[in-house]
Structures are given as structure tokens and as C-alpha cells.
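Undergrad: Next up, input_0.txt (compact mmCIF, C-alpha atoms (C1' of nucleotides)).
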# COMPACT_ATOMS: atom_id res chain seq x y z
CA MET A 1 29.26 -13.38 -11.88
CA LEU A 2 25.55 -12.90 -11.59
CA SER A 3 23.80 -10.06 -13.28
CA THR A 4 21.03 -7.83 -12.08
CA ILE A 5 18.20 -6.52 -14.17
CA ALA A 6 18.94 -3.05 -15.47
CA PRO A 7 16.55 -0.35 -14.34
CA VAL A 8 14.26 1.31 -16.81
CA SER A 9 14.88 4.96 -17.64
CA ARG A 10 13.05 7.71 -15.77
CA THR A 11 11.26 8.76 -18.95
CA GLY A 12 9.47 5.48 -18.99
CA LYS A 13 11.15 4.57 -22.26
CA HIS A 14 12.20 1.01 -21.99
CA GLU A 15 15.90 0.41 -22.29
CA ARG A 16 15.79 -3.09 -23.58
CA SER A 17 17.90 -5.05 -21.19
CA PRO A 18 19.89 -7.95 -22.63
CA LEU A 19 20.24 -9.12 -19.08
CA LEU A 20 16.47 -9.42 -18.78
CA THR A 21 16.32 -11.21 -22.10
CA ASN A 22 18.99 -13.63 -20.99
CA ALA A 23 17.72 -14.07 -17.47
CA ARG A 24 14.02 -14.18 -18.30
CA GLU A 25 13.72 -17.92 -18.68
CA ALA A 26 15.76 -18.53 -15.56
CA LEU A 27 13.59 -16.11 -13.60
CA ARG A 28 10.41 -17.78 -14.76
CA SER A 29 11.52 -21.30 -14.06
CA SER A 30 13.06 -20.53 -10.68
CA LEU A 31 9.87 -18.74 -9.62
CA LEU A 32 7.63 -21.60 -10.73
CA GLU A 33 9.93 -24.06 -9.01
CA TRP A 34 9.72 -22.05 -5.81
CA TYR A 35 5.93 -21.86 -6.13
CA ASP A 36 5.58 -25.61 -6.53
CA ARG A 37 7.79 -26.21 -3.55
CA ALA A 38 6.23 -23.52 -1.30
CA GLY A 39 2.77 -25.07 -1.65
CA ARG A 40 0.99 -22.05 -0.19
CA SER A 41 -2.63 -22.89 0.41
CA LEU A 42 -5.46 -20.43 -0.14
CA PRO A 43 -9.13 -21.43 -0.07
CA TRP A 44 -9.89 -20.25 -3.63
CA ARG A 45 -6.71 -21.68 -5.12
CA VAL A 46 -6.35 -24.73 -7.35
CA ARG A 47 -3.02 -26.26 -6.39
CA PRO A 48 -0.45 -26.52 -9.17
CA GLU A 49 -0.46 -30.33 -9.08
CA ASP A 50 -4.24 -30.34 -9.42
CA ARG A 51 -4.12 -27.86 -12.26
CA ALA A 52 -1.52 -30.02 -13.97
CA ALA A 53 -3.86 -32.98 -13.51
CA GLY A 54 -6.55 -31.12 -15.43
CA VAL A 55 -8.55 -29.52 -12.63
CA ALA A 56 -9.93 -26.22 -13.93
CA PRO A 57 -10.75 -23.43 -11.48
CA ASP A 58 -14.32 -22.16 -11.26
CA PRO A 59 -14.20 -18.70 -12.89
CA TYR A 60 -17.04 -17.55 -10.63
CA ALA A 61 -15.06 -18.51 -7.52
CA VAL A 62 -11.94 -16.83 -8.89
CA TRP A 63 -13.84 -13.66 -9.75
CA VAL A 64 -15.40 -13.43 -6.26
CA SER A 65 -11.97 -13.91 -4.69
CA GLU A 66 -10.34 -11.27 -6.87
CA ILE A 67 -12.98 -8.66 -6.09
CA MET A 68 -12.68 -9.40 -2.38
CA LEU A 69 -8.88 -9.27 -2.52
CA GLN A 70 -8.79 -5.74 -3.95
CA GLN A 71 -6.91 -3.76 -1.29
CA THR A 72 -7.83 -6.44 1.21
CA THR A 73 -5.67 -9.03 2.93
CA ALA A 74 -6.23 -12.68 2.15
CA GLN A 75 -6.76 -13.35 5.85
CA HIS A 76 -9.58 -10.79 6.05
CA ALA A 77 -11.20 -11.90 2.79
CA ALA A 78 -11.06 -15.67 3.30
CA PRO A 79 -14.05 -16.11 5.66
CA TYR A 80 -16.16 -13.83 3.46
CA TRP A 81 -15.23 -15.84 0.39
CA ARG A 82 -16.22 -19.08 2.09
CA ALA A 83 -19.54 -17.60 3.23
CA PHE A 84 -20.36 -16.25 -0.25
CA LEU A 85 -19.48 -19.50 -2.03
CA ARG A 86 -21.47 -21.58 0.43
CA ARG A 87 -24.50 -19.31 0.31
CA TRP A 88 -24.39 -18.52 -3.42
CA PRO A 89 -22.58 -21.41 -5.13
CA THR A 90 -23.04 -20.11 -8.68
CA VAL A 91 -23.16 -16.75 -10.40
CA ARG A 92 -26.85 -17.36 -11.05
CA ASP A 93 -27.48 -17.81 -7.32
CA LEU A 94 -25.71 -14.55 -6.58
CA ALA A 95 -27.55 -12.73 -9.36
CA ASP A 96 -30.90 -13.90 -7.98
CA ALA A 97 -30.08 -12.96 -4.38
CA PRO A 98 -31.79 -9.88 -2.90
CA ARG A 99 -29.36 -6.99 -2.92
CA GLU A 100 -29.76 -6.23 0.80
CA GLU A 101 -28.58 -9.74 1.57
CA VAL A 102 -25.48 -9.38 -0.58
CA LEU A 103 -24.65 -6.01 1.00
CA ALA A 104 -25.21 -7.41 4.49
CA ALA A 105 -22.96 -10.37 3.75
CA TRP A 106 -20.25 -7.92 2.67
CA ALA A 107 -20.53 -5.77 5.81
CA GLY A 108 -17.18 -5.37 7.53
CA LEU A 109 -15.13 -6.02 4.41
CA GLY A 110 -14.99 -2.39 3.30
CA TYR A 111 -15.04 -0.61 -0.07
CA TYR A 112 -18.75 -1.23 -0.40
CA ALA A 113 -18.93 -0.23 -4.05
CA ARG A 114 -17.37 -3.65 -4.56
CA ALA A 115 -20.46 -5.33 -3.11
CA ARG A 116 -22.86 -3.27 -5.22
CA ASN A 117 -20.83 -3.96 -8.35
CA LEU A 118 -20.38 -7.62 -7.47
CA HIS A 119 -24.13 -8.04 -7.49
CA ALA A 120 -24.53 -5.99 -10.66
CA CYS A 121 -21.77 -7.97 -12.37
CA ALA A 122 -23.35 -11.27 -11.36
CA GLN A 123 -26.59 -10.15 -12.97
CA THR A 124 -24.77 -9.11 -16.14
CA VAL A 125 -22.98 -12.43 -16.43
CA ALA A 126 -26.02 -14.48 -15.50
CA ASN A 127 -28.54 -12.64 -17.64
CA GLU A 128 -26.54 -11.44 -20.64
CA ARG A 129 -23.87 -14.10 -20.91
CA GLY A 130 -25.71 -17.23 -19.90
CA GLY A 131 -23.79 -17.46 -16.66
CA VAL A 132 -20.45 -17.81 -18.46
CA PHE A 133 -17.56 -15.46 -17.72
CA PRO A 134 -15.77 -14.03 -20.76
CA GLN A 135 -12.11 -14.94 -21.33
CA SER A 136 -10.82 -11.95 -23.28
CA LEU A 137 -9.24 -9.05 -21.44
CA GLU A 138 -11.49 -6.62 -23.25
CA ASP A 139 -14.72 -8.35 -22.26
CA LEU A 140 -13.56 -8.96 -18.72
CA ARG A 141 -12.48 -5.34 -18.38
CA ALA A 142 -15.98 -4.22 -19.37
CA LEU A 143 -17.53 -5.88 -16.31
CA PRO A 144 -18.22 -3.65 -13.32
CA ARG A 145 -15.34 -3.44 -10.84
CA VAL A 146 -13.09 -5.50 -13.12
CA GLY A 147 -10.14 -3.26 -13.98
CA GLU A 148 -6.61 -3.64 -15.27
CA TYR A 149 -5.42 -5.94 -12.53
CA THR A 150 -8.55 -8.01 -12.04
CA SER A 151 -9.12 -8.71 -15.74
CA ASN A 152 -5.59 -10.04 -16.05
CA ALA A 153 -5.89 -12.02 -12.83
CA ILE A 154 -9.10 -13.74 -13.93
CA ARG A 155 -7.68 -14.49 -17.36
CA ALA A 156 -4.54 -16.02 -15.89
CA VAL A 157 -5.86 -17.72 -12.78
CA ALA A 158 -9.27 -18.88 -13.96
CA PHE A 159 -8.49 -19.67 -17.60
CA ASP A 160 -4.73 -20.22 -17.50
CA LYS A 161 -4.31 -17.82 -20.43
CA PRO A 162 -1.29 -15.49 -20.86
CA ALA A 163 -1.78 -12.31 -18.83
CA SER A 164 0.26 -9.99 -16.67
CA VAL A 165 -0.92 -9.19 -13.17
CA VAL A 166 0.40 -6.10 -11.45
CA ASP A 167 -0.78 -5.66 -7.89
CA GLY A 168 0.93 -4.17 -4.86
CA ASN A 169 3.02 -7.31 -4.44
CA VAL A 170 4.30 -7.25 -8.01
CA GLU A 171 5.07 -3.54 -7.75
CA ARG A 172 7.17 -4.19 -4.69
CA VAL A 173 8.97 -7.22 -6.14
CA LEU A 174 9.85 -5.53 -9.42
CA THR A 175 10.89 -2.16 -8.00
CA ARG A 176 13.23 -4.03 -5.68
CA MET A 177 14.53 -6.31 -8.41
CA THR A 178 15.53 -3.25 -10.40
CA ALA A 179 16.24 -0.87 -7.49
CA MET A 180 13.87 1.43 -9.35
CA GLN A 181 14.52 5.10 -8.65
CA THR A 182 11.15 6.32 -9.88
CA PRO A 183 8.72 6.72 -6.97
CA LEU A 184 5.21 5.34 -6.98
CA PRO A 185 2.68 6.02 -8.28
CA GLY A 186 4.63 7.46 -11.22
CA ALA A 187 6.52 4.20 -11.72
CA ARG A 188 3.40 2.27 -12.67
CA LEU A 189 4.01 2.33 -16.43
CA GLU A 190 7.60 1.10 -16.11
CA ILE A 191 6.46 -1.64 -13.79
CA ARG A 192 3.69 -2.71 -16.13
CA VAL A 193 6.12 -2.98 -19.07
CA LEU A 194 8.61 -4.97 -17.04
CA ALA A 195 5.93 -7.26 -15.62
CA ALA A 196 4.54 -7.96 -19.09
CA GLU A 197 7.97 -8.90 -20.46
CA LEU A 198 8.61 -11.17 -17.54
CA ALA A 199 5.20 -12.88 -17.47
CA SER A 200 5.40 -16.52 -18.40
CA PRO A 201 3.56 -17.95 -21.41
CA VAL A 202 4.09 -21.31 -19.75
CA ARG A 203 1.73 -22.04 -16.82
CA PRO A 204 0.46 -18.45 -16.85
CA GLY A 205 -2.01 -19.06 -14.04
CA ASP A 206 0.55 -20.51 -11.68
CA TYR A 207 3.10 -17.86 -12.64
CA ALA A 208 0.67 -15.03 -11.85
CA GLN A 209 -0.09 -16.44 -8.44
CA ALA A 210 3.58 -17.23 -7.86
CA ILE A 211 4.84 -13.68 -8.39
CA MET A 212 2.12 -12.35 -6.08
CA ASP A 213 2.92 -15.02 -3.51
CA LEU A 214 6.56 -14.03 -3.70
CA GLY A 215 5.62 -10.52 -2.64
CA ALA A 216 3.21 -11.74 0.02
CA VAL A 217 5.46 -14.34 1.61
CA VAL A 218 9.10 -13.51 0.82
CA CYS A 219 9.49 -10.01 -0.60
CA THR A 220 7.43 -8.49 2.21
CA PRO A 221 7.11 -4.74 2.82
CA LYS A 222 9.14 -4.45 6.04
CA SER A 223 11.63 -7.30 6.36
CA PRO A 224 12.11 -9.18 3.09
CA ARG A 225 13.44 -12.70 3.48
CA CYS A 226 15.99 -12.50 0.72
CA SER A 227 17.70 -15.71 1.76
CA ALA A 228 14.52 -17.58 0.84
CA CYS A 229 13.99 -15.73 -2.45
CA PRO A 230 14.34 -17.56 -5.76
CA TRP A 231 15.21 -14.27 -7.43
CA SER A 232 17.78 -12.95 -4.95
CA ALA A 233 20.70 -13.63 -7.30
CA TRP A 234 19.24 -11.18 -9.83
CA CYS A 235 18.01 -8.59 -7.35
CA ALA A 236 19.52 -5.10 -7.57
CA GLY A 237 17.61 -4.05 -4.48
CA ARG A 238 19.30 -6.68 -2.41
CA ARG A 239 22.68 -5.54 -3.68
CA THR A 240 22.00 -2.02 -2.42
CA GLY A 241 21.89 -3.54 1.06
CA HIS A 242 18.49 -1.95 1.75
CA PRO A 243 15.85 -3.77 -0.28
CA ALA A 244 13.08 -2.65 2.07
CA ARG A 245 13.60 0.95 0.90
CA PHE A 246 11.87 0.01 -2.34
CA PRO A 247 9.46 0.91 -3.74
CA LEU A 248 10.13 4.62 -3.39
CA ARG A 249 6.90 6.53 -2.81
CA GLN A 250 5.65 10.06 -3.09
CA LYS A 251 4.86 11.73 0.19
CA LYS A 252 1.30 11.18 1.29
CA LYS A 253 -1.16 13.81 2.37
CA SER A 254 -1.99 13.99 6.04
CA ARG A 255 -5.39 12.67 7.07
CA PRO A 256 -7.91 15.29 8.24
CA VAL A 257 -10.37 14.69 11.09
CA ARG A 258 -14.12 14.95 10.72
CA TRP A 259 -16.77 15.00 13.42
CA GLY A 260 -20.32 13.77 13.64
CA VAL A 261 -23.05 12.75 16.06
CA CYS A 262 -25.26 9.70 15.79
CA PHE A 263 -28.41 8.72 17.68
CA HIS A 264 -28.60 5.36 19.41
CA VAL A 265 -32.34 4.86 19.81
CA THR A 266 -33.61 1.62 21.26
CA GLY A 267 -36.90 0.15 22.39
CA GLN A 268 -38.42 -3.29 22.82
CA GLY A 269 -35.13 -4.99 22.08
CA ARG A 270 -34.73 -3.15 18.80
CA ILE A 271 -32.61 -0.31 17.44
CA TRP A 272 -33.40 2.41 14.92
CA LEU A 273 -31.36 2.14 11.70
CA ARG A 274 -31.56 3.67 8.27
CA ARG A 275 -29.95 3.04 4.90
CA ARG A 276 -27.30 5.43 3.59
CA PRO A 277 -27.50 7.05 0.14
CA GLU A 278 -26.72 4.83 -2.85
CA THR A 279 -23.29 6.25 -3.64
CA GLY A 280 -20.38 7.72 -1.74
CA LEU A 281 -18.89 6.60 1.53
CA LEU A 282 -20.51 3.42 2.88
CA GLY A 283 -22.97 3.76 0.02
CA ALA A 284 -26.24 1.83 0.42
CA MET A 285 -25.16 0.42 3.78
CA MET A 286 -27.11 0.61 7.05
CA GLU A 287 -26.23 3.21 9.68
CA LEU A 288 -27.27 4.83 12.93
CA PRO A 289 -29.16 8.03 12.05
CA GLY A 290 -27.21 11.19 12.83
CA THR A 291 -25.81 14.49 11.69
CA GLY A 292 -23.62 14.91 8.67
CA TRP A 293 -19.87 14.61 9.17
CA THR A 294 -18.13 17.97 9.13
CA ASP A 295 -14.57 19.19 9.34
CA SER A 296 -15.12 20.94 12.66
CA ALA A 297 -16.62 19.98 16.00
CA PRO A 298 -20.37 19.36 15.91
CA ASP A 299 -22.54 22.47 16.08
CA PRO A 300 -25.26 22.21 18.80
CA THR A 301 -27.91 23.64 16.50
CA GLU A 302 -27.08 21.05 13.87
CA ILE A 303 -27.41 18.31 16.46
CA ASP A 304 -30.78 19.73 17.55
CA LYS A 305 -31.95 19.86 13.96
CA ALA A 306 -31.08 16.21 13.39
CA CYS A 307 -32.37 15.11 16.78
CA PRO A 308 -35.46 12.92 16.32
CA PHE A 309 -37.24 13.70 19.62
CA GLU A 310 -36.92 15.34 23.03
CA ALA A 311 -35.49 12.95 25.57
CA ASP A 312 -32.93 12.45 28.28
CA TRP A 313 -30.08 11.92 25.82
CA ARG A 314 -27.02 10.35 27.37
CA ARG A 315 -23.51 10.49 25.97
CA ALA A 316 -22.15 7.02 25.35
CA GLY A 317 -18.77 8.38 24.25
CA ARG A 318 -16.98 8.70 20.96
CA VAL A 319 -16.08 6.21 18.30
CA ARG A 320 -12.82 6.90 16.54
CA HIS A 321 -12.65 5.34 13.12
CA VAL A 322 -10.04 5.71 10.40
CA PHE A 323 -11.10 5.80 6.78
CA THR A 324 -8.74 6.01 3.83
CA HIS A 325 -8.70 9.77 3.47
CA PHE A 326 -10.00 11.04 6.82
CA SER A 327 -10.54 9.90 10.36
CA LEU A 328 -13.87 10.26 12.10
CA GLU A 329 -14.78 11.21 15.65
CA LEU A 330 -18.34 10.01 16.00
CA GLU A 331 -20.19 10.99 19.15
CA VAL A 332 -22.81 8.45 20.17
CA ILE A 333 -25.79 9.67 22.20
CA CYS A 334 -28.43 7.31 23.51
CA ALA A 335 -32.09 7.42 24.40
CA ALA A 336 -35.04 5.13 24.68
CA ALA A 337 -37.71 5.76 22.08
CA PRO A 338 -40.66 7.64 23.62
CA GLU A 339 -43.95 5.79 23.89
CA GLY A 340 -45.65 5.75 20.54
CA TRP A 341 -42.76 7.30 18.61
CA ARG A 342 -42.26 5.96 15.10
CA PRO A 343 -39.21 6.58 12.90
CA ASP A 344 -39.95 8.65 9.78
CA VAL A 345 -36.96 7.19 7.90
CA GLY A 346 -35.43 3.77 8.28
CA GLY A 347 -36.87 1.32 10.73
CA TRP A 348 -36.46 -0.96 13.70
CA VAL A 349 -33.95 -3.79 13.67
CA PRO A 350 -33.84 -6.47 16.41
CA LEU A 351 -30.72 -6.25 18.55
CA THR A 352 -30.52 -10.00 18.71
CA GLY A 353 -28.53 -10.86 15.66
CA ILE A 354 -27.36 -7.27 15.15
CA ASP A 355 -24.09 -8.82 13.95
CA GLN A 356 -25.93 -10.05 10.88
CA ALA A 357 -27.78 -6.81 10.24
CA GLY A 358 -25.23 -5.63 7.69
CA LEU A 359 -23.69 -2.73 9.57
CA PRO A 360 -20.29 -1.49 8.42
CA SER A 361 -17.57 -1.61 11.06
CA VAL A 362 -17.78 2.02 12.11
CA MET A 363 -21.51 1.65 12.78
CA MET A 364 -21.04 -1.65 14.56
CA LYS A 365 -18.63 0.12 16.90
CA ALA A 366 -21.20 2.83 17.57
CA VAL A 367 -23.98 0.32 18.27
CA ARG A 368 -21.77 -1.56 20.74
CA LEU A 369 -20.69 1.61 22.49
CA GLY A 370 -24.29 2.68 22.92
CA LEU A 371 -25.25 -0.70 24.33
CA GLU A 372 -22.56 -0.36 26.98
CA THR A 373 -24.25 2.84 28.17
CA ARG A 374 -27.83 1.70 27.71
CA PRO A 375 -28.00 -2.08 27.90
CA VAL A 376 -31.20 -3.40 26.40
C1' DA B 1 -3.49 13.31 -12.29
C1' DA B 2 -5.30 13.33 -8.07
C1' DC B 3 -9.24 11.95 -5.25
C1' DT B 4 -12.54 8.89 -3.34
C1' DC B 5 -13.50 4.66 -1.34
C1' DG B 6 -12.94 0.63 4.49
C1' DT B 7 -10.86 -2.17 7.44
C1' DG B 8 -7.65 -4.44 10.43
C1' DG B 9 -3.10 -6.42 11.31
C1' DA B 10 1.72 -5.55 12.01
C1' DA B 11 5.65 -3.07 13.60
C1' DT C 1 0.85 6.03 19.39
C1' DT C 2 1.51 6.48 14.53
C1' DT C 3 2.39 4.66 10.09
C1' DC C 4 2.07 1.54 6.60
C1' DC C 5 -0.45 -0.96 3.39
C1' DA C 6 -3.16 -5.16 1.65
C1' DA C 7 -3.99 -9.86 -5.20
C1' DG C 8 -7.33 -1.68 -7.10
C1' DA C 9 -11.29 0.64 -9.54
C1' DG C 10 -13.81 4.60 -10.86
C1' DT C 11 -13.94 9.27 -11.79
Starting from the file, lay out its structure as C-alpha cells.
TA:
Amino acid sequence: MLSTIAPVSRTGKHERSPLLTNAREALRSSLLEWYDRAGRSLPWRVRPEDRAAGVAPDPYAVWVSEIMLQQTTAQHAAPYWRAFLRRWPTVRDLADAPREEVLAAWAGLGYYARARNLHACAQTVANERGGVFPQSLEDLRALPRVGEYTSNAIRAVAFDKPASVVDGNVERVLTRMTAMQTPLPGARLEIRVLAAELASPVRPGDYAQAIMDLGAVVCTPKSPRCSACPWSAWCAGRRTGHPARFPLRQKKKSRPVRWGVCFHVTGQGRIWLRRRPETGLLGAMMELPGTGWTDSAPDPTEIDKACPFEADWRRAGRVRHVFTHFSLELEVICAAAPEGWRPDVGGWVPLTGIDQAGLPSVMMKAVRLGLETRPV
DNA sequence: AACTCGTGGAA
DNA sequence: TTTCCAAGAGT
């Protein structure tokens, strides 16, 4: 008769489970066995056989990957990681790079505070730590954009030191394993305690990647492949018959709509762009100049006030873009720059190679839409 | 604690 | 179409 792991009480107090104590070693070894056999390949990963042969990961490469992977799929992040590592092979190279180039290289990846902090962190490590990443959780945690998860991930993956990673995958795996009744995000403390007890002191780097792989490949959000799971025998979620119901979640707020207008001004094969404010949404990234984004349809007088010059403005249409906490309806209106007109803010950017100009996705959509109406 | 902060793939 | 949600952090 196989046992399941007992759930933790709603109060967050840990009811020490003898089953966990007894099963812990079996869970660890079966997961590592599965990981070795699965052989999942990721560009930043040192394969378990290579690690066993003494190949040490490059902490810089691991750090870049972990920042990119925050709330981002491996598939989306992979080409960016390759481009960054090829262009800036060491933390010193990244620290010495002009900031606009780093931001432009990040364009399209989202959460742009990550790019600003990546550059700042590279300069901290290069200039104040001789280019060497710290190994302690405390020192890692002090670096910009390195939080609870990322500090543990770097410590485990890069240095193969004992650490407990809790990302979205681990949350899903462990809430299913225990059929946890506490909804997220309130369950985070229970999950952290459970994850820490389970984390392996043996091959900590491989274990950390293995438990995340398990969530990414087997214990998937919609249709978990329990028959392929090394932990299925211990899984309380599977025994409920509906493992995909876990983790339970609090209801989410609905997403409001905001509206704005932007000006697509072209001339001599160039387009007018400006840089956004340092902080906030799309902070420090390039954009098409326009009105602010408001929670009601654009006011004609506001459009007039933001309008750079009198012209035969043509509507290109609307870009619909979904951000995390609101969606945007962005009206794009086009005109050719009048003879002799010069932008007071921002400047001209050649349309050839606009893909490399460092525009975030929403602005790239607006540029393309405008070009359909006014080809240049 | 509850918000803010992007994007794109999957179902 | 809508909804979910990715190797989360900062405030």
C-alpha cells in the first residue's frame, strides 16, 4: 500500500508528516533518476553527466538565464539568451555595454525592469566584486532583481550548493502532491516549507532543475501526464481523480481597458520615436509619441494638445495589446512630417532595421500598422 | 497584502 | 473569443 504525503494544515503550521520523512529519500532518488533519463536539453543547462564529470556551469550564464526566465517561457527566452551570451560573453562585457544597447536587445521579452536591473547588476558584480558572483543566498539576494527564487536557483544550479527553488512549476507539483486545499497565493508559505524539506542535499543543482522540469514537462497545468510521473505513486492529487484542479487559486480581478492615441510620423525613410520615462510601464524603452493612456475613450482636445503639427492625419486603425493588469486600445494616426519640421523630443530612427531599434512589442505593432497605411 | 510590471503560446 | 499562465521581483 503506497502512501501519499499528508497535507499541511491551513494555519500554515507544519504537521510533521512521517510519510514525508519516510518517503523523502525515495522521492529524491526517483526524481533524479527520472531527470537523468529524461535528458531534457536547454541551451543554458549543463547536462547531469557533464556536471558529474566535473563541468561547472558559468554563473554569469546561469544568472542571465534565470533573470530571463522570470515569468517567461523557456521557448521565448532561449533566443534572447543566445544573443546576449554571444554578444556579451562575460559579466564585464555586459557591464561595459551601453545601456541603450542592452535595453534594445531585451525588446520584446517584456518586464523591462529586468533589463535595467540586469545591466545594473552586471556593473555591481563587475565593478564591486571583481566579476565574480557571490555564492551565499544573502549576497545573491542583495543583487538587483535577484529575489527569493532566483537566489536559490543560482546557488543550486550555478554552484551546486543546497538550496530550495520554488517557482510556478514547483508550486503546481507540490500542491498536487498534497492535494493542498489552501488557494494560492496564500499557500506560498506552506509550499516553501514543504519544498525545503524535500530539497535534496545530494546533487542539489540537478534536483532543482529536475523538480522544475517535472512541472514543465509532466505535471503540466492543463493535462498532467501522471502515467509518466516518477512521483505518481505518492501523489494525493492524482488519487482525487482531478489533479489538474490543483493548485487552487483565488479569483482574479477582471482586466480594465485603457485607450490612447499615438502619432506615426515618417519622412525620408525614418520614423519619429522617443524614449519613455525611466520607471513604470515599458520604462526607458522607445515608443511612438502620443497621448497618455486613460480609462476612457480618447478626448479630442487631449489628442489636439499632444498633436505635434497640423497635417492630413490618417487613421491607420487600432492596436489591441494585453498587459498584465489592463488591456490597451491604441489608435494609430499617420502623417508625413511637414517640410522643415523637427521633433522637439526624441528623434528620427531609420525604418530599415526598425526591428533592431529596441521597440517593445506593443510599439512594434503600432509601427507596422502605420506602415500598412502609409508605406514608406 | 495587494499592485505593478510584458509577452506569446496553448486550449 | 477568452482564459490561463510561464524557472518572480519590487513596492
Undergrad: Select all residues from chain A having any atom no more than 12 Å from an atom of chain B (counting only C-alpha atoms (C1' of nucleotides), ignoring ligands), output as an MDAnalysis selection string.
TA: chainID A and resid 70:77 106:114 185:186 220:223 252:253 279:283 321:327 360:363
Undergrad: Store the residues of this selection in a file with C-alpha atoms, as a CSV table (one decimal), in the frame of the given file.
TA:
chain,number,residue,atom,x,y,z
A,70,GLN,CA,-8.8,-5.7,-4.0
A,71,GLN,CA,-6.9,-3.8,-1.3
A,72,THR,CA,-7.8,-6.4,1.2
A,73,THR,CA,-5.7,-9.0,2.9
A,74,ALA,CA,-6.2,-12.7,2.2
A,75,GLN,CA,-6.8,-13.4,5.8
A,76,HIS,CA,-9.6,-10.8,6.0
A,77,ALA,CA,-11.2,-11.9,2.8
A,106,TRP,CA,-20.2,-7.9,2.7
A,107,ALA,CA,-20.5,-5.8,5.8
A,108,GLY,CA,-17.2,-5.4,7.5
A,109,LEU,CA,-15.1,-6.0,4.4
A,110,GLY,CA,-15.0,-2.4,3.3
A,111,TYR,CA,-15.0,-0.6,-0.1
A,112,TYR,CA,-18.8,-1.2,-0.4
A,113,ALA,CA,-18.9,-0.2,-4.0
A,114,ARG,CA,-17.4,-3.6,-4.6
A,185,PRO,CA,2.7,6.0,-8.3
A,186,GLY,CA,4.6,7.5,-11.2
A,220,THR,CA,7.4,-8.5,2.2
A,221,PRO,CA,7.1,-4.7,2.8
A,222,LYS,CA,9.1,-4.4,6.0
A,223,SER,CA,11.6,-7.3,6.4
A,252,LYS,CA,1.3,11.2,1.3
A,253,LYS,CA,-1.2,13.8,2.4
A,279,THR,CA,-23.3,6.2,-3.6
A,280,GLY,CA,-20.4,7.7,-1.7
A,281,LEU,CA,-18.9,6.6,1.5
A,282,LEU,CA,-20.5,3.4,2.9
A,283,GLY,CA,-23.0,3.8,0.0
A,321,HIS,CA,-12.6,5.3,13.1
A,322,VAL,CA,-10.0,5.7,10.4
A,323,PHE,CA,-11.1,5.8,6.8
A,324,THR,CA,-8.7,6.0,3.8
A,325,HIS,CA,-8.7,9.8,3.5
A,326,PHE,CA,-10.0,11.0,6.8
A,327,SER,CA,-10.5,9.9,10.4
A,360,PRO,CA,-20.3,-1.5,8.4
A,361,SER,CA,-17.6,-1.6,11.1
A,362,VAL,CA,-17.8,2.0,12.1
A,363,MET,CA,-21.5,1.6,12.8
Undergrad: Counting only C-alpha atoms (C1' of nucleotides), what are the residues of chain A within 8 Å of chain C, and for each of them which pair of atoms is the nearest and at what distance in Å, to one decimal? Sort the table by chain and rising number, as a Markdown table.
TA:
| residue | atom | partner | partner_atom | distance |
| --- | --- | --- | --- | --- |
| A:Glu66 | CA | C:DA7 | C1' | 6.7 |
| A:Leu69 | CA | C:DA7 | C1' | 5.6 |
| A:Gln70 | CA | C:DG8 | C1' | 5.3 |
| A:Gln71 | CA | C:DA6 | C1' | 5.0 |
| A:Thr72 | CA | C:DA6 | C1' | 4.9 |
| A:Thr73 | CA | C:DA6 | C1' | 4.8 |
| A:Arg145 | CA | C:DA9 | C1' | 5.9 |
| A:Val146 | CA | C:DA9 | C1' | 7.3 |
| A:Gly147 | CA | C:DA9 | C1' | 6.0 |
| A:Tyr149 | CA | C:DG8 | C1' | 7.2 |
| A:Asp167 | CA | C:DA7 | C1' | 5.9 |
| A:Gly168 | CA | C:DA7 | C1' | 7.5 |
| A:Asn169 | CA | C:DA7 | C1' | 7.5 |
| A:Met212 | CA | C:DA7 | C1' | 6.7 |
Undergrad: Record the distance separating CA of Pro350 in chain A and CA of Glu310 in chain A, expressed in Å with one decimal.
TA: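 One can read the CA of Pro350 in chain A to CA of Glu310 in chain A distance as 23.0 Å.
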Undergrad: Rounded to one decimal in Å, what is the spacing between CA of Gly340 in chain A and CA of Lys365 in chain A?
TA: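 Taking CA of Gly340 in chain A as the start and CA of Lys365 in chain A as the end point, the length is 27.8 Å.
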Undergrad: Just give me the gap between CA of Gly215 in chain A and CA of Val173 in chain A in Å, one decimal is fine.
TA: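 Computed distance, CA of Gly215 in chain A to CA of Val173 in chain A, equals 5.9 Å.
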Undergrad: Compile the contact shell of Arg318 in chain A as a PyMOL selection string: residues with an atom at most 10 Å away, counting all atoms listed in the file, same-chain residues fewer than 4 positions apart removed.
TA: chain A and resi 259-262+328-333+365-366+369-370
Undergrad: Choose the residue, out of A:Leu137, A:Ala115, A:Leu198, A:Ala120, that has the smallest atom-to-atom separation from Ala26 in chain A; count all atoms listed in the file.
TA: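 The shortest atom-to-atom distance to Ala26 in chain A comes from A:Leu198.
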